[in-house]
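One structure is given here, and the rest of the page talks about it.
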Amino acid sequence: MASLQTYVLENDQWVARTISADEVIREDGSSHRKAGRQSPSKPPTCGLLTRTIVDSPVTRWVLPVQLRSARYNDVALIGDHSVQICELSRDRQLQEVVKEKNFGSRIRNAVVMGSPQYSRGAGDATTDGAHVKAEDSDTDMIDSGLPDPSEPLPPQLLVLVLERGDLVFLFLRRGLYRSWDFVSSTHHVPGQRLVCPGFHMAIDPSSNFLALACSENFFIMYHLESMETLRVQYSLGLPLQPIKERVARAVRGIIHKIEFLHPHPENRGQVILLVIIIQPDFSRLVVYEWDRSLNLTDVFLEEKPGHLLDVEYRMPLLVVPLKVRNAFLIITERITASCSDILGGPPVFFQFDLASRDDTELHHGSREPLWTAWTRPIRHPPYHDKKDVIYLAREDGLINFLECGDESEIETSVSMGSVDCNIDTAFASLFHPFGDVLMTGGDSGPGAVWNVEARQSPQRIGSIPNWSPTVDFVVTNDSTKDEHGESFATTYLTDGRNSAPLQPESVFACSGRGVMGAITEFRHGIQARIGLDLTYSSNIRQCWAISTFGEAADDGFFLLLAIPNGSAILHLSGDLSEVSEKDHDTIPYDLSSTTLAAQEASGTVVQITTNYITVVTSTACSQHLIGEIIRDHAAVVTDAAIQGSTIALAIYSGSGFKIMVFTIDDFEVSLQRVFDIGGEVTCLAIERLAGNLVVLAGLRQGGGSTLAIYPIVSTPQVSMVLIPLELQPAAIAAGTNKGNDVDKDAFGALTSIVLLSELSGKAIVVVGTRNGDVLTIQLDYLQPGNHEISRDRLGISPSHVFSGSVVGDPNSLLVCSDAELAIMTNYTTDCFGKRFEDIRRVWPTDGDRPSMASPLINSVATLRRSLIEYGESMLVMIAGPRIMVAELQRRPKLVPRYFPVQGTPVKIIYSPKLEALIAVVSKNGLPSLHFLDPATGHDLSQPLERKKLNETYTYYDVDYITGLGNVDTRAMSLTTWSYRCGGVHGDWIVVALRRKDNEGLLLIISAEPENASTQTNMTRRIRFWTKFDRKIRDGTIWSVATDEHGVFLCVGNYVQYHIIEHGKFRVVRQHELPSPASWMQVVNGRLNALTTKHSLVVLDYRSEPLPGGEQMVELHTDDTCRNSLHSIEVGSPPSAITMLSDPMCGVHGLWTPSENERPLQLIFRAELQASVKRFARGHTRASWGSFKNRPRYGCIKSGLAGSDILGLTIDGSLQHFTLLNENAWRLLKFIQNLATTSRTICPYVSLDKNADDFDPEPRFDPKLNMQVNGDMLQRCLDKRALEELMSEPHYMRRFRELLEALDEDRHLSSPPVANDDTPYYELAYSILKYYLAPVL
């Protein structure tokens, strides 16, 4: 087609453009072409806040390491960007200790420096709980010397090499509040032109020498200080200087392996370094041997020629140093061999066979599985003088046990069987007194912890979460309207300005490969690990844990259950292995009526039922009929409360309520006070205010709720107070409902009351309500009318509050609402109000049931004593008839839920209409379609084949619908199609497949729920079949998009628009792209085609076609070629912004001008740690967080109200994206720039703020500056570091200016106090908390 070059005026500049003849003569009917010159639209100034809300679960190395002291059995789980320290507890479960992820660079390699210290005596318990497993030939262990308690430096250090070229030495030091902090010593690796320093890393057995090798041509040898010298340095308060000297050695070729061999036991000063170097035609095995007292420069003065390796040993997979005979194992794809006495001459290899080489079902690929890792179990030191034992791991889960002697080669080779997880480089043996404990991890599915006893196969005892690789994900956005305006939403919560779905939308991802493939639900919060899960014979209202008086402490405890028509008592053993129900005549408690309250204090248990008050001690008991005590047998006890020896009862008698207070004295119950109530008593509590006991009561009076305070003994300090519960405009906490846009009488009746504490003369009372609110009331008991109320909306069903002291924080709460359990912590008072800073969901989990849905919790109780082999934070949870005893973890984290699909899931979407997840799963290379229940994980699929007979259709059950289940077929796209044309309406599923011979296949699939079955407990089913199938012979289908009339296919480089005419597909429009489209989407009536190599192309496919052609109209393109993976719209006209990801971990924000034919313009760019495979938008915040998610503080709305933008990376991390206006970007970027100079925030890489070229003021160019690192801001918030960052006056002045531009609520409007910057810091921290609030 003819074209010509012309000049056009864009952004006040003349630029050259090449246009076609059709464009010259075409009549442009677009609105922006008018007579006269119009000012072109200008791009917005927009920043992007990026943060990691779910870390990658990939573990590269598992290293046993004593970073705290010899008392702890710790292990380091090291990923690409993080180090997590866990402790192997007595029950062989991993307990998280601390995690560090602020290295600022990828971790390239890791080793452990120093020797572990264990106690003497095999199998004998010691003060620090350490044992060593004994083999048959073991002798008593030599005392290796426990560390002096006065020396804080632990026995070992963790050594990391970072990609940017730093060596980092790490250990742990006790921090505040029972926490642990990392202490580091960082040293730069010299040489700017080195290729991947640290690609290989090895440390000698004495920890005196560290080898750091590049991928080729170069390695560095470090001479290290001894651990004794480092302990002296640290005890003197000196910075650690682990490196004594270093020397570099150039070699010729690719460095394939580098390892230190073990010296003979009688020659501990000997050091042996083995290096395998590959050159184009041969490989060399080079050995450097020296005495540790020699000068390193002399040792490495010359390159040694080494020995040529035979072809079969040229590129070994593993080199395993043995502790005997200077020997090592060499393992290739097909050969396993040993070599000893390498110092005596050329290597001589003795081949041996490994037991059982059959592939397991976890193997991927057509070739034999590879041996990937090895580990040495812990044995007594004398044992290793004459023998060595090794575990070898294969990638498909097979484990082999090898035993090597000092007089022969391989003495034993035993297959230990296989484990049901892939094994990569993460493989280690941990210490435990009753057998070896193995930890395994791979790159495709969860890892595991295994117990290995003598001559037994490994037994799984724990799991290590891993949901990578993740290739697709979806948000169950029930509340999202489709592009045709049809909504499948059911219920919204609203507060006048904000709206949020009744239940937060869930996030599901395709994870894993092969038989370990699963659909993983991302849930974030506090994990509660279930130790006991049992079902009682009836529903349970509430429970209490009480002691078993008169029995041994190891006999466990009682659970007192309140059931609808009575009570019950269960006895649970201390290890939760035995449960039995007690008969009424064997215990002193009342089981004939429902328990209302129970308490154990000072060796006395008090139980109150609807009929009796029972007092029990270890020596005696008494029981009193309530009707006789109050002299009214017709009265009904509706509620009760206990505090020490004081009892309060809510009693309904005649036509009204009264509260009666009793005291217990020597098993006798006596009446103390009676309060007549002018309303309904809905709940009771007895607490202490101003040192005096009071009854706190929830009353329902005249349609409103009231908190009543009744002093048990009248004093001048405390008198009877009635507090109507209304939200007043002047008494609202920040982030809750404000002003008059909410009903003052919106609160339901109170359900429960908890007194948190007294702060500055004010009492903090928290109440639950029947409409799902949790109200926090701050009382001034000297002026009861002076109170403030804040509200947290946790749902719409009744919320019940319980003390959260089980987590170690007396000012925390447990809340049951909407059948979910939440924990509220960190109560804060500042100029923004009084509130709980942190609210998290609690997720009960069972290691044996990874797909278990969160049970519907209606009540909780804490245990007063710790249990054998369990932690301190034990909780009893009630869910209908279910009783669960669980250990509550202290730190929030991702708590994944897995739906196994027995194959590799590759695509996933969600259908609100079917209320099902729809996934394409590849099983042994055969693609299939599955419908999964998001609540249970059950497979609902019923594939059918449809055949037409005599004008009617007949359906037959099949394994695969038409078009699926074929070899050499790969799913390329999965989407839905809401077809609306003429009188035909259809909601279909579209699957695009790539077939061999460069062909494509398009499937249009119908799905519908099966007719409801009359049988109970029957799983619902979804019937589906192929409605249309069309072969595409023009090329491979790359991507698919739909609108209400047709389907867009990217076939090769062409976009084709297919419609249905007379029951057949026909192409009515097409357009050639510069490269295939990896993703397409219809946005505002236009087609956005994201190409693989040429960025975004915006097409008009609705306008009348040009004469003589079927071309779509190209409206916007990008002047810069960008490789692209996925995109999402994050703005709307006139500020339409498309955010796209690329394969190089980049994210780009492209602005679409309102004028056609103007190029897209880059307005921001970001760099992440991994590439985003898929973006999505949804309301994923918990209901209490959704209300606080309105745009404020410069946040730009990027979609539906309250929704968030998420991005999933290939390594399993989940990213969150927030658009910022200029004022917000300037403030947050200013804080980030200063944080890069702080050793507190960036301990491993920090800039020098005193450098001449340092300027924290944000700059617009390059566009990468528009990114704000939310992870760095999170560290500023966690460490409360703003005061440190703004310590210099000129920084503080600029800080104030930036904050004033975001002071929407005028917190800074009051006259400033000299030298008091507190309001500025409070506002800044409030802004950080807003932007960094939990998203899951």
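We label chains A, B, ... in the order they appear in the structure tokens, count residues from 1 in each chain, and number ligands from 1 in the order shown.
Residues of region 1144-1188 of chain A that DSSP, applied to the backbone, places in alpha helix (DSSP H): Ser1183, Trp1184, Gly1185 and Ser1186 of chain A.
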Selected residues, N, CA and C atoms, written as an mmCIF file, in the first residue's frame, please.
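Once written, again-v1.cif looks like this:
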```cif
data_model
loop_
_atom_site.group_PDB
_atom_site.id
_atom_site.type_symbol
_atom_site.label_atom_id
_atom_site.label_comp_id
_atom_site.auth_asym_id
_atom_site.auth_seq_id
_atom_site.Cartn_x
_atom_site.Cartn_y
_atom_site.Cartn_z
ATOM 1 N N SER A 1183 -13.800 -7.453 55.351
ATOM 2 C CA SER A 1183 -14.854 -6.449 55.396
ATOM 3 C C SER A 1183 -14.452 -5.252 56.239
ATOM 4 N N TRP A 1184 -13.703 -5.471 57.330
ATOM 5 C CA TRP A 1184 -13.310 -4.343 58.162
ATOM 6 C C TRP A 1184 -12.242 -3.479 57.472
ATOM 7 N N GLY A 1185 -11.517 -4.028 56.511
ATOM 8 C CA GLY A 1185 -10.549 -3.231 55.777
ATOM 9 C C GLY A 1185 -11.142 -2.549 54.573
ATOM 10 N N SER A 1186 -12.233 -3.082 54.021
ATOM 11 C CA SER A 1186 -12.830 -2.507 52.825
ATOM 12 C C SER A 1186 -13.400 -1.121 53.101
#
```
**Q.** Those in region 183-411 of chain A with strand (DSSP E or B) from DSSP, as an MDAnalysis selection string
**A.** chainID A and resid 183:188 200:203 209:213 216:224 243:261 270:279 282:291 307:308 318:321 328:331 336:339 349:352 371:375 387:394 398:405 410:411
(Q) Just want the 12 Å neighbourhood of Glu1322 (chain A), counted on only C-alpha atoms, with same-chain residues fewer than 2 positions away dropped. Output as a VMD selection string. (A) chain A and resid 734 828 to 833 1277 1280 1282 to 1283 1296 1299 1303 1307 to 1308 1316 to 1320 1324 to 1329
What separates CA of Ile630 (chain A) and CA of Val674 (chain A) is a distance of 10.4 Å
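Nearest to Val320 (chain A) of all the residues A:Asp181, A:Asn786, A:Arg376, A:Cys421 is A:Arg376, counting only C-alpha atoms.
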- Task: Find the residues near Gln542 (chain A): any atom within 7 Å, counting only C-alpha atoms, skip ones fewer than 2 places away on the same chain, and give them as a list in words.
- Result: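 Surrounding residues, per the criterion: Ile540, Leu561, Ala562 and Ser859 of chain A.
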- prompt: Contacts of Val75 (chain A) at 9 Å or less, counting only C-alpha atoms, minus same-chain residues fewer than 2 places along, as a VMD selection string?
  reply: chain A and resid 62 to 67 73 77 84 to 88 94 430
For N, CA and C atoms, I'd like the residues from the last selection saved as a short mmCIF file (atom, residue, chain, number, x, y, z; two decimals), in the first residue's frame.
```
data_model
loop_
_atom_site.label_atom_id
_atom_site.label_comp_id
_atom_site.auth_asym_id
_atom_site.auth_seq_id
_atom_site.Cartn_x
_atom_site.Cartn_y
_atom_site.Cartn_z
N VAL A 62 18.24 -25.44 52.19
CA VAL A 62 17.85 -25.72 53.58
C VAL A 62 19.12 -26.04 54.33
N LEU A 63 19.50 -25.20 55.28
CA LEU A 63 20.78 -25.34 55.97
C LEU A 63 20.55 -25.39 57.48
N PRO A 64 20.85 -26.53 58.14
CA PRO A 64 20.82 -26.53 59.60
C PRO A 64 21.91 -25.59 60.12
N VAL A 65 21.54 -24.68 61.02
CA VAL A 65 22.50 -23.68 61.48
C VAL A 65 22.08 -23.18 62.85
N GLN A 66 23.06 -23.08 63.75
CA GLN A 66 22.80 -22.59 65.10
C GLN A 66 23.17 -21.10 65.14
N LEU A 67 22.21 -20.26 64.74
CA LEU A 67 22.44 -18.82 64.70
C LEU A 67 22.09 -18.14 66.01
N ASN A 73 17.47 -25.91 68.03
CA ASN A 73 17.63 -26.79 66.85
C ASN A 73 17.06 -26.05 65.65
N LEU A 77 15.84 -21.56 55.98
CA LEU A 77 15.20 -21.77 54.69
C LEU A 77 15.50 -20.54 53.84
N GLN A 84 14.66 -17.33 56.13
CA GLN A 84 13.72 -17.58 57.22
C GLN A 84 14.32 -18.60 58.16
N ILE A 85 14.38 -18.26 59.44
CA ILE A 85 14.90 -19.16 60.45
C ILE A 85 13.73 -19.83 61.16
N CYS A 86 13.78 -21.14 61.22
CA CYS A 86 12.75 -21.92 61.91
C CYS A 86 13.42 -22.83 62.93
N GLU A 87 12.66 -23.20 63.92
CA GLU A 87 13.14 -24.13 64.94
C GLU A 87 12.38 -25.44 64.82
N LEU A 88 13.12 -26.54 64.84
CA LEU A 88 12.48 -27.85 64.86
C LEU A 88 12.13 -28.18 66.30
N LEU A 94 7.99 -27.45 62.47
CA LEU A 94 8.78 -26.24 62.31
C LEU A 94 8.04 -25.05 62.90
N LEU A 430 18.18 -32.87 59.58
CA LEU A 430 18.16 -32.13 60.83
C LEU A 430 18.34 -33.08 62.00
#
```
A:Asp848, A:Asp166, A:Glu680, A:Glu407 ranked by distance to Thr751 (chain A), top pick (using only C-alpha atoms):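 Checking each candidate against Thr751 (chain A), we get A:Glu680 as the closest.
Note that CA of Glu100 (chain A) and CA of Gly1212 (chain A) are 17.8 Å apart.
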Would you mind listing what lies within 6 Å of Ala886 (chain A) as a short mmCIF file (atom, residue, chain, number, x, y, z; two decimals) with all heavy atoms, in the first residue's frame, with only C-alpha atoms counted and same-chain residues fewer than 6 positions away left out?
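Now in around-v2.cif:
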```cif
data_model
loop_
_atom_site.label_atom_id
_atom_site.label_comp_id
_atom_site.auth_asym_id
_atom_site.auth_seq_id
_atom_site.Cartn_x
_atom_site.Cartn_y
_atom_site.Cartn_z
N ALA A 528 -3.92 -21.11 62.75
CA ALA A 528 -4.21 -21.89 63.95
C ALA A 528 -4.06 -23.36 63.57
O ALA A 528 -4.92 -23.92 62.88
CB ALA A 528 -5.61 -21.60 64.48
N ARG A 529 -2.97 -23.98 63.98
CA ARG A 529 -2.68 -25.37 63.60
C ARG A 529 -3.44 -26.32 64.52
O ARG A 529 -3.21 -26.36 65.73
CB ARG A 529 -1.19 -25.64 63.66
CG ARG A 529 -0.39 -24.78 62.70
CD ARG A 529 0.99 -25.31 62.47
NE ARG A 529 1.71 -25.55 63.69
CZ ARG A 529 3.01 -25.86 63.74
NH1 ARG A 529 3.69 -25.95 62.62
NH2 ARG A 529 3.61 -26.06 64.89
N ILE A 530 -4.34 -27.07 63.94
CA ILE A 530 -5.22 -27.96 64.69
C ILE A 530 -4.45 -29.18 65.17
O ILE A 530 -3.82 -29.88 64.37
CB ILE A 530 -6.43 -28.37 63.83
CG1 ILE A 530 -7.27 -27.14 63.47
CG2 ILE A 530 -7.28 -29.40 64.57
CD1 ILE A 530 -8.42 -27.44 62.53
N GLY A 531 -4.51 -29.42 66.48
CA GLY A 531 -3.93 -30.63 67.03
C GLY A 531 -4.96 -31.70 67.31
O GLY A 531 -4.65 -32.88 67.34
N MET A 874 -2.48 -21.82 73.02
CA MET A 874 -3.43 -22.87 72.67
C MET A 874 -4.85 -22.33 72.81
O MET A 874 -5.18 -21.60 73.74
CB MET A 874 -3.24 -24.08 73.56
CG MET A 874 -1.88 -24.74 73.41
SD MET A 874 -1.54 -25.30 71.74
CE MET A 874 -2.80 -26.57 71.55
N LEU A 875 -5.69 -22.73 71.87
CA LEU A 875 -7.03 -22.20 71.77
C LEU A 875 -7.99 -23.35 71.47
O LEU A 875 -7.66 -24.27 70.71
CB LEU A 875 -7.08 -21.18 70.63
CG LEU A 875 -8.28 -20.24 70.53
CD1 LEU A 875 -8.27 -19.27 71.70
CD2 LEU A 875 -8.20 -19.47 69.22
#
```
Excluding Val958 (chain A) and its own-chain neighbours fewer than 6 positions away, which residues fall within 9 Å of it when counting only C-alpha atoms? Please give them as an mmCIF file with N, CA, C and O atoms, in the first residue's frame.
```cif
data_model
loop_
_atom_site.group_PDB
_atom_site.id
_atom_site.type_symbol
_atom_site.label_atom_id
_atom_site.label_comp_id
_atom_site.auth_asym_id
_atom_site.auth_seq_id
_atom_site.Cartn_x
_atom_site.Cartn_y
_atom_site.Cartn_z
ATOM 1 N N GLN A 942 -18.906 -32.770 35.069
ATOM 2 C CA GLN A 942 -19.585 -33.877 34.409
ATOM 3 C C GLN A 942 -19.496 -33.649 32.896
ATOM 4 O O GLN A 942 -20.386 -33.066 32.286
ATOM 5 N N PRO A 943 -18.383 -34.094 32.281
ATOM 6 C CA PRO A 943 -18.214 -33.878 30.833
ATOM 7 C C PRO A 943 -19.188 -34.738 30.036
ATOM 8 O O PRO A 943 -19.448 -35.902 30.376
ATOM 9 N N LEU A 944 -19.726 -34.130 28.995
ATOM 10 C CA LEU A 944 -20.719 -34.818 28.163
ATOM 11 C C LEU A 944 -20.362 -34.654 26.686
ATOM 12 O O LEU A 944 -19.698 -33.699 26.288
ATOM 13 N N GLU A 945 -20.839 -35.589 25.904
ATOM 14 C CA GLU A 945 -20.785 -35.469 24.444
ATOM 15 C C GLU A 945 -22.205 -35.314 23.928
ATOM 16 O O GLU A 945 -23.101 -36.081 24.299
#
```
Between A:Arg1023, A:Arg897, A:His188, A:Arg394, smallest distance to Trp467 (chain A) by only C-alpha atoms belongs to A:Arg897
